[in-house]
>>> print(open('run.tsv').read())   # TSV, N, CA and C atoms
chain	number	residue	atom	x	y	z
Y	213	MET	N	-78.62	-3.72	-23.45
Y	213	MET	CA	-77.77	-2.58	-23.57
Y	213	MET	C	-77.26	-2.52	-25.01
Y	214	LEU	N	-77.37	-1.40	-25.62
Y	214	LEU	CA	-76.89	-1.19	-26.98
Y	214	LEU	C	-75.45	-0.70	-26.93
Y	215	THR	N	-74.58	-1.31	-27.72
Y	215	THR	CA	-73.17	-0.91	-27.75
Y	215	THR	C	-72.66	-1.00	-29.18
Y	216	LYS	N	-71.55	-0.37	-29.46
Y	216	LYS	CA	-70.98	-0.34	-30.80
Y	216	LYS	C	-69.84	-1.34	-30.92
Y	217	ILE	N	-69.67	-1.88	-32.11
Y	217	ILE	CA	-68.52	-2.72	-32.42
Y	217	ILE	C	-67.42	-1.78	-32.91
Y	218	VAL	N	-66.24	-1.87	-32.28
Y	218	VAL	CA	-65.15	-0.93	-32.56
Y	218	VAL	C	-63.94	-1.68	-33.12
Y	219	PRO	N	-63.13	-1.00	-33.94
Y	219	PRO	CA	-61.92	-1.65	-34.44
Y	219	PRO	C	-60.88	-1.79	-33.33
Y	220	ILE	N	-60.22	-2.97	-33.31
Y	220	ILE	CA	-59.13	-3.24	-32.37
Y	220	ILE	C	-58.04	-3.93	-33.20
Y	221	GLY	N	-57.09	-3.16	-33.70
Y	221	GLY	CA	-56.07	-3.71	-34.58
Y	221	GLY	C	-56.72	-4.23	-35.85
Y	222	ASN	N	-56.42	-5.48	-36.20
Y	222	ASN	CA	-57.04	-6.11	-37.36
Y	222	ASN	C	-58.38	-6.78	-37.03
Y	223	SER	N	-58.78	-6.70	-35.78
Y	223	SER	CA	-60.02	-7.32	-35.33
Y	223	SER	C	-61.03	-6.26	-34.96
Y	224	ARG	N	-62.16	-6.70	-34.43
Y	224	ARG	CA	-63.18	-5.78	-33.92
Y	224	ARG	C	-63.67	-6.31	-32.60
Y	225	GLY	N	-64.15	-5.41	-31.76
Y	225	GLY	CA	-64.60	-5.83	-30.44
Y	225	GLY	C	-65.64	-4.90	-29.88
Y	226	ILE	N	-66.03	-5.20	-28.65
Y	226	ILE	CA	-66.99	-4.36	-27.95
Y	226	ILE	C	-66.39	-3.98	-26.60
Y	227	ARG	N	-66.85	-2.89	-26.05
Y	227	ARG	CA	-66.45	-2.47	-24.70
Y	227	ARG	C	-67.55	-2.91	-23.74
Y	228	ILE	N	-67.12	-3.56	-22.68
Y	228	ILE	CA	-68.07	-4.05	-21.67
Y	228	ILE	C	-67.87	-3.23	-20.40
Y	229	PRO	N	-68.92	-2.59	-19.92
Y	229	PRO	CA	-68.78	-1.77	-18.71
Y	229	PRO	C	-68.27	-2.59	-17.51
Y	230	LYS	N	-67.46	-1.94	-16.67
Y	230	LYS	CA	-66.85	-2.58	-15.52
Y	230	LYS	C	-67.89	-3.23	-14.61
Y	231	ALA	N	-69.00	-2.54	-14.37
Y	231	ALA	CA	-70.05	-3.09	-13.49
Y	231	ALA	C	-70.61	-4.39	-14.05
Y	232	MET	N	-70.75	-4.46	-15.37
Y	232	MET	CA	-71.28	-5.67	-15.98
Y	232	MET	C	-70.27	-6.81	-15.88
Y	233	LEU	N	-68.98	-6.50	-16.07
Y	233	LEU	CA	-67.93	-7.50	-15.93
Y	233	LEU	C	-67.92	-8.08	-14.52
Y	234	GLU	N	-68.01	-7.20	-13.52
Y	234	GLU	CA	-68.02	-7.65	-12.13
Y	234	GLU	C	-69.26	-8.46	-11.81
Y	235	HIS	N	-70.41	-8.02	-12.32
Y	235	HIS	CA	-71.67	-8.73	-12.08
Y	235	HIS	C	-71.61	-10.15	-12.63
Y	236	CYS	N	-70.96	-10.33	-13.79
Y	236	CYS	CA	-70.87	-11.65	-14.43
Y	236	CYS	C	-69.73	-12.49	-13.87
Y	237	GLY	N	-68.86	-11.88	-13.08
Y	237	GLY	CA	-67.75	-12.64	-12.50
Y	237	GLY	C	-66.63	-12.90	-13.48
Y	238	PHE	N	-66.49	-12.05	-14.51
Y	238	PHE	CA	-65.44	-12.24	-15.50
Y	238	PHE	C	-64.09	-11.83	-14.94
Y	239	GLY	N	-63.07	-12.65	-15.21
Y	239	GLY	CA	-61.71	-12.31	-14.85
Y	239	GLY	C	-60.97	-11.88	-16.10
Y	240	GLU	N	-59.75	-12.38	-16.25
Y	240	GLU	CA	-58.94	-12.02	-17.41
Y	240	GLU	C	-59.31	-12.82	-18.66
Y	241	GLU	N	-59.96	-13.97	-18.48
Y	241	GLU	CA	-60.36	-14.81	-19.61
Y	241	GLU	C	-61.84	-15.12	-19.52
Y	242	VAL	N	-62.46	-15.35	-20.68
Y	242	VAL	CA	-63.85	-15.78	-20.74
Y	242	VAL	C	-63.97	-16.92	-21.74
Y	243	ASP	N	-65.02	-17.69	-21.61
Y	243	ASP	CA	-65.35	-18.72	-22.59
Y	243	ASP	C	-66.30	-18.07	-23.58
Y	244	LEU	N	-65.93	-18.05	-24.86
Y	244	LEU	CA	-66.73	-17.40	-25.91
Y	244	LEU	C	-67.24	-18.46	-26.87
Y	245	GLN	N	-68.55	-18.46	-27.11
Y	245	GLN	CA	-69.18	-19.40	-28.05
Y	245	GLN	C	-70.17	-18.67	-28.94
Y	246	ALA	N	-70.30	-19.15	-30.16
Y	246	ALA	CA	-71.33	-18.64	-31.06
Y	246	ALA	C	-72.46	-19.67	-31.08
Y	247	LYS	N	-73.66	-19.24	-30.74
Y	247	LYS	CA	-74.83	-20.14	-30.70
Y	247	LYS	C	-76.03	-19.45	-31.30
Y	248	ASN	N	-76.59	-20.06	-32.31
Y	248	ASN	CA	-77.83	-19.58	-32.92
Y	248	ASN	C	-77.81	-18.08	-33.22
Y	249	GLY	N	-76.74	-17.61	-33.81
Y	249	GLY	CA	-76.65	-16.21	-34.18
Y	249	GLY	C	-76.35	-15.27	-33.03
Y	250	ALA	N	-75.91	-15.81	-31.90
Y	250	ALA	CA	-75.59	-14.98	-30.73
Y	250	ALA	C	-74.20	-15.34	-30.24
Y	251	LEU	N	-73.52	-14.37	-29.63
Y	251	LEU	CA	-72.27	-14.63	-28.94
Y	251	LEU	C	-72.57	-14.83	-27.47
Y	252	VAL	N	-72.05	-15.89	-26.90
Y	252	VAL	CA	-72.29	-16.20	-25.50
Y	252	VAL	C	-70.95	-16.15	-24.76
Y	253	LEU	N	-70.86	-15.29	-23.76
Y	253	LEU	CA	-69.67	-15.19	-22.92
Y	253	LEU	C	-69.98	-15.82	-21.57
Y	254	ARG	N	-69.05	-16.63	-21.07
Y	254	ARG	CA	-69.21	-17.23	-19.75
Y	254	ARG	C	-67.91	-17.05	-18.99
Y	255	ALA	N	-68.02	-16.86	-17.68
Y	255	ALA	CA	-66.83	-16.77	-16.84
Y	255	ALA	C	-66.12	-18.12	-16.85
Y	256	VAL	N	-64.81	-18.08	-16.85
Y	256	VAL	CA	-64.02	-19.30	-16.78
Y	256	VAL	C	-63.84	-19.64	-15.31
Y	257	LYS	N	-64.25	-20.83	-14.94
Y	257	LYS	CA	-64.14	-21.24	-13.55
Y	257	LYS	C	-62.90	-22.11	-13.38
Y	258	ALA	N	-62.31	-21.98	-12.22
Y	258	ALA	CA	-61.12	-22.77	-11.91
Y	258	ALA	C	-61.50	-24.24	-11.81
Y	259	PRO	N	-60.59	-25.13	-12.25
Y	259	PRO	CA	-60.87	-26.56	-12.09
Y	259	PRO	C	-61.12	-26.87	-10.62
Y	260	ARG	N	-62.07	-27.70	-10.38
Y	260	ARG	CA	-62.43	-28.15	-9.03
Y	260	ARG	C	-63.01	-27.04	-8.14
Y	261	ALA	N	-63.46	-25.96	-8.75
Y	261	ALA	CA	-64.07	-24.88	-7.98
Y	261	ALA	C	-65.31	-25.42	-7.28
Y	262	GLY	N	-65.43	-25.16	-6.00
Y	262	GLY	CA	-66.59	-25.59	-5.23
Y	262	GLY	C	-66.49	-27.00	-4.67
Y	263	TRP	N	-65.41	-27.71	-4.99
Y	263	TRP	CA	-65.29	-29.08	-4.50
Y	263	TRP	C	-65.22	-29.14	-2.97
Y	264	ALA	N	-64.47	-28.22	-2.36
Y	264	ALA	CA	-64.31	-28.25	-0.90
Y	264	ALA	C	-65.67	-28.11	-0.22
Y	265	ASP	N	-66.52	-27.21	-0.72
Y	265	ASP	CA	-67.85	-27.04	-0.13
Y	265	ASP	C	-68.69	-28.30	-0.33
Y	266	ALA	N	-68.60	-28.89	-1.52
Y	266	ALA	CA	-69.38	-30.10	-1.81
Y	266	ALA	C	-68.93	-31.25	-0.91
Y	267	PHE	N	-67.61	-31.38	-0.71
Y	267	PHE	CA	-67.12	-32.44	0.16
Y	267	PHE	C	-67.55	-32.20	1.61
Y	268	GLY	N	-67.57	-30.95	2.03
Y	268	GLY	CA	-68.03	-30.63	3.38
Y	268	GLY	C	-69.48	-31.02	3.58
Y	269	ARG	N	-70.31	-30.74	2.58
Y	269	ARG	CA	-71.74	-31.12	2.67
Y	269	ARG	C	-71.89	-32.64	2.69
Y	270	MET	N	-71.08	-33.33	1.89
Y	270	MET	CA	-71.13	-34.80	1.88
Y	270	MET	C	-70.77	-35.35	3.26
Y	271	ALA	N	-69.69	-34.81	3.86
Y	271	ALA	CA	-69.26	-35.30	5.18
Y	271	ALA	C	-70.34	-35.04	6.22
Y	272	ALA	N	-70.95	-33.86	6.18
Y	272	ALA	CA	-72.01	-33.52	7.13
Y	272	ALA	C	-73.20	-34.46	7.00
Y	273	ALA	N	-73.46	-34.90	5.77
Y	273	ALA	CA	-74.60	-35.80	5.53
Y	273	ALA	C	-74.22	-37.27	5.70
Y	274	GLY	N	-72.93	-37.55	6.02
Y	274	GLY	CA	-72.49	-38.94	6.18
Y	274	GLY	C	-72.39	-39.68	4.86
Y	275	ASP	N	-72.23	-38.94	3.80
Y	275	ASP	CA	-72.21	-39.54	2.45
Y	275	ASP	C	-70.80	-39.54	1.87
Y	276	ASP	N	-69.79	-39.72	2.75
Y	276	ASP	CA	-68.41	-39.67	2.28
Y	276	ASP	C	-67.67	-40.96	2.59
Y	277	GLN	N	-68.39	-42.07	2.58
Y	277	GLN	CA	-67.78	-43.36	2.87
Y	277	GLN	C	-67.09	-43.91	1.62
Y	278	LEU	N	-66.06	-44.73	1.84
Y	278	LEU	CA	-65.38	-45.37	0.72
Y	278	LEU	C	-66.31	-46.34	0.01
Y	279	VAL	N	-66.17	-46.42	-1.28
Y	279	VAL	CA	-66.94	-47.38	-2.07
Y	279	VAL	C	-66.17	-48.69	-2.08
Y	280	HIS	N	-66.84	-49.77	-1.74
Y	280	HIS	CA	-66.18	-51.07	-1.72
Y	280	HIS	C	-66.04	-51.60	-3.14
Y	281	GLU	N	-64.86	-52.09	-3.43
Y	281	GLU	CA	-64.61	-52.62	-4.77
Y	281	GLU	C	-65.16	-54.03	-4.87
Y	282	ASP	N	-65.44	-54.45	-6.10
Y	282	ASP	CA	-65.81	-55.84	-6.36
Y	282	ASP	C	-64.59	-56.71	-6.13
Y	283	PRO	N	-64.79	-57.98	-5.78
Y	283	PRO	CA	-63.63	-58.86	-5.60
Y	283	PRO	C	-62.88	-59.02	-6.94
Y	284	PRO	N	-61.57	-59.29	-6.88
Y	284	PRO	CA	-60.81	-59.44	-8.12
Y	284	PRO	C	-61.36	-60.56	-8.98
Y	285	THR	N	-61.27	-60.38	-10.27
Y	285	THR	CA	-61.72	-61.39	-11.23
Y	285	THR	C	-60.50	-62.05	-11.86
Y	286	ALA	N	-60.49	-63.37	-11.89
Y	286	ALA	CA	-59.36	-64.10	-12.48
Y	286	ALA	C	-59.33	-63.87	-13.99
Y	287	THR	N	-58.11	-63.82	-14.54
Y	287	THR	CA	-57.92	-63.68	-15.98
Y	287	THR	C	-57.06	-64.83	-16.47
Y	288	GLN	N	-56.81	-64.87	-17.78
Y	288	GLN	CA	-55.99	-65.95	-18.34
Y	288	GLN	C	-54.57	-65.92	-17.77
Y	289	PHE	N	-54.12	-64.75	-17.36
Y	289	PHE	CA	-52.77	-64.64	-16.80
Y	289	PHE	C	-52.67	-65.29	-15.43
Y	290	ASP	N	-53.79	-65.41	-14.74
Y	290	ASP	CA	-53.79	-66.09	-13.45
Y	290	ASP	C	-53.75	-67.61	-13.63
Y	291	ALA	N	-54.30	-68.11	-14.72
Y	291	ALA	CA	-54.37	-69.55	-14.95
Y	291	ALA	C	-53.12	-70.10	-15.62
Y	292	GLU	N	-52.36	-69.30	-16.33
Y	292	GLU	CA	-51.20	-69.76	-17.08
Y	292	GLU	C	-49.91	-69.40	-16.35
Y	293	GLU	N	-48.92	-70.25	-16.51
Y	293	GLU	CA	-47.59	-69.93	-15.99
Y	293	GLU	C	-46.91	-68.95	-16.92
Y	294	TRP	N	-46.22	-67.97	-16.36
Y	294	TRP	CA	-45.49	-67.01	-17.18
Y	294	TRP	C	-44.29	-66.50	-16.39
Y	295	GLN	N	-43.35	-65.93	-17.09
Y	295	GLN	CA	-42.15	-65.42	-16.45
Y	295	GLN	C	-41.88	-64.02	-16.94
Y	296	TRP	N	-41.15	-63.26	-16.14
Y	296	TRP	CA	-40.77	-61.90	-16.52
Y	296	TRP	C	-39.75	-61.96	-17.61
>>> encode(input="run.tsv", output="structure tokens")
Amino acid sequence: MLTKIVPIGNSRGIRIPKAMLEHCGFGEEVDLQAKNGALVLRAVKAPRAGWADAFGRMAAAGDDQLVHEDPPTATQFDAEEWQW
């Protein structure tokens, strides 16, 4: 799609059609990067987005068991007497 760069105060910007914004899942903020002579816009995702679904799939597959820790390892503080 060909579009024009327009003045916005002391900056410049582009207008993005509503349908394109909705298709890309853009909200009020986007992640903007410059890469190899191109501007790349990405939707900002909420932290932990999709975790509930992933945990549900893990539980269904029986892959949600606790990981057993290694036994404690002694340190110099275990061998020496010390006081608070």
>>> atom_distance(input="run.tsv", atom1="atom C of Ser223 (chain Y)", atom2="atom N of Pro259 (chain Y)")
29.5 Å
>>> atom_distance(input="run.tsv", atom1="atom N of Leu278 (chain Y)", atom2="atom C of Lys257 (chain Y)")
27.4 Å
>>> select_by_dssp(input="run.tsv", residues="chain Y", states="strand (DSSP E)", output="PyMOL selection string")
chain Y and resi 218-220+223-225+242-247+250-255
>>> closest_residue(input="run.tsv", among="Y:Val242, Y:Ile228, Y:Met213, Y:Cys236", to="Ala258 (chain Y)", atoms="only C-alpha atoms")
Y:Val242
>>> select_by_dssp(input="run.tsv", residues="chain Y", states="helix (DSSP H, G or I)", output="PyMOL selection string")
chain Y and resi 230-236+263-272+288-291
>>> write_last_selection(input="run.tsv", atoms="N, CA and C atoms", output="PDB file, in the coordinates of the input")
ATOM      1  N   LYS Y 230     -67.460  -1.940 -16.670  1.00  0.00           N
ATOM      2  CA  LYS Y 230     -66.850  -2.580 -15.520  1.00  0.00           C
ATOM      3  C   LYS Y 230     -67.890  -3.230 -14.610  1.00  0.00           C
ATOM      4  N   ALA Y 231     -69.000  -2.540 -14.370  1.00  0.00           N
ATOM      5  CA  ALA Y 231     -70.050  -3.090 -13.490  1.00  0.00           C
ATOM      6  C   ALA Y 231     -70.610  -4.390 -14.050  1.00  0.00           C
ATOM      7  N   MET Y 232     -70.750  -4.460 -15.370  1.00  0.00           N
ATOM      8  CA  MET Y 232     -71.280  -5.670 -15.980  1.00  0.00           C
ATOM      9  C   MET Y 232     -70.270  -6.810 -15.880  1.00  0.00           C
ATOM     10  N   LEU Y 233     -68.980  -6.500 -16.070  1.00  0.00           N
ATOM     11  CA  LEU Y 233     -67.930  -7.500 -15.930  1.00  0.00           C
ATOM     12  C   LEU Y 233     -67.920  -8.080 -14.520  1.00  0.00           C
ATOM     13  N   GLU Y 234     -68.010  -7.200 -13.520  1.00  0.00           N
ATOM     14  CA  GLU Y 234     -68.020  -7.650 -12.130  1.00  0.00           C
ATOM     15  C   GLU Y 234     -69.260  -8.460 -11.810  1.00  0.00           C
ATOM     16  N   HIS Y 235     -70.410  -8.020 -12.320  1.00  0.00           N
ATOM     17  CA  HIS Y 235     -71.670  -8.730 -12.080  1.00  0.00           C
ATOM     18  C   HIS Y 235     -71.610 -10.150 -12.630  1.00  0.00           C
ATOM     19  N   CYS Y 236     -70.960 -10.330 -13.790  1.00  0.00           N
ATOM     20  CA  CYS Y 236     -70.870 -11.650 -14.430  1.00  0.00           C
ATOM     21  C   CYS Y 236     -69.730 -12.490 -13.870  1.00  0.00           C
ATOM     22  N   TRP Y 263     -65.410 -27.710  -4.990  1.00  0.00           N
ATOM     23  CA  TRP Y 263     -65.290 -29.080  -4.500  1.00  0.00           C
ATOM     24  C   TRP Y 263     -65.220 -29.140  -2.970  1.00  0.00           C
ATOM     25  N   ALA Y 264     -64.470 -28.220  -2.360  1.00  0.00           N
ATOM     26  CA  ALA Y 264     -64.310 -28.250  -0.900  1.00  0.00           C
ATOM     27  C   ALA Y 264     -65.670 -28.110  -0.220  1.00  0.00           C
ATOM     28  N   ASP Y 265     -66.520 -27.210  -0.720  1.00  0.00           N
ATOM     29  CA  ASP Y 265     -67.850 -27.040  -0.130  1.00  0.00           C
ATOM     30  C   ASP Y 265     -68.690 -28.300  -0.330  1.00  0.00           C
ATOM     31  N   ALA Y 266     -68.600 -28.890  -1.520  1.00  0.00           N
ATOM     32  CA  ALA Y 266     -69.380 -30.100  -1.810  1.00  0.00           C
ATOM     33  C   ALA Y 266     -68.930 -31.250  -0.910  1.00  0.00           C
ATOM     34  N   PHE Y 267     -67.610 -31.380  -0.710  1.00  0.00           N
ATOM     35  CA  PHE Y 267     -67.120 -32.440   0.160  1.00  0.00           C
ATOM     36  C   PHE Y 267     -67.550 -32.200   1.610  1.00  0.00           C
ATOM     37  N   GLY Y 268     -67.570 -30.950   2.030  1.00  0.00           N
ATOM     38  CA  GLY Y 268     -68.030 -30.630   3.380  1.00  0.00           C
ATOM     39  C   GLY Y 268     -69.480 -31.020   3.580  1.00  0.00           C
ATOM     40  N   ARG Y 269     -70.310 -30.740   2.580  1.00  0.00           N
ATOM     41  CA  ARG Y 269     -71.740 -31.120   2.670  1.00  0.00           C
ATOM     42  C   ARG Y 269     -71.890 -32.640   2.690  1.00  0.00           C
ATOM     43  N   MET Y 270     -71.080 -33.330   1.890  1.00  0.00           N
ATOM     44  CA  MET Y 270     -71.130 -34.800   1.880  1.00  0.00           C
ATOM     45  C   MET Y 270     -70.770 -35.350   3.260  1.00  0.00           C
ATOM     46  N   ALA Y 271     -69.690 -34.810   3.860  1.00  0.00           N
ATOM     47  CA  ALA Y 271     -69.260 -35.300   5.180  1.00  0.00           C
ATOM     48  C   ALA Y 271     -70.340 -35.040   6.220  1.00  0.00           C
ATOM     49  N   ALA Y 272     -70.950 -33.860   6.180  1.00  0.00           N
ATOM     50  CA  ALA Y 272     -72.010 -33.520   7.130  1.00  0.00           C
ATOM     51  C   ALA Y 272     -73.200 -34.460   7.000  1.00  0.00           C
ATOM     52  N   GLN Y 288     -56.810 -64.870 -17.780  1.00  0.00           N
ATOM     53  CA  GLN Y 288     -55.990 -65.950 -18.340  1.00  0.00           C
ATOM     54  C   GLN Y 288     -54.570 -65.920 -17.770  1.00  0.00           C
ATOM     55  N   PHE Y 289     -54.120 -64.750 -17.360  1.00  0.00           N
ATOM     56  CA  PHE Y 289     -52.770 -64.640 -16.800  1.00  0.00           C
ATOM     57  C   PHE Y 289     -52.670 -65.290 -15.430  1.00  0.00           C
ATOM     58  N   ASP Y 290     -53.790 -65.410 -14.740  1.00  0.00           N
ATOM     59  CA  ASP Y 290     -53.790 -66.090 -13.450  1.00  0.00           C
ATOM     60  C   ASP Y 290     -53.750 -67.610 -13.630  1.00  0.00           C
ATOM     61  N   ALA Y 291     -54.300 -68.110 -14.720  1.00  0.00           N
ATOM     62  CA  ALA Y 291     -54.370 -69.550 -14.950  1.00  0.00           C
ATOM     63  C   ALA Y 291     -53.120 -70.100 -15.620  1.00  0.00           C
TER      64      ALA Y 291
END
>>> closest_residue(input="run.tsv", among="Y:Ala255, Y:Gly225, Y:Phe289, Y:Val218", to="Phe238 (chain Y)", atoms="all atoms listed in the file")
Y:Ala255
>>> atom_distance(input="run.tsv", atom1="atom N of Asn222 (chain Y)", atom2="atom C of Val256 (chain Y)")
26.3 Å
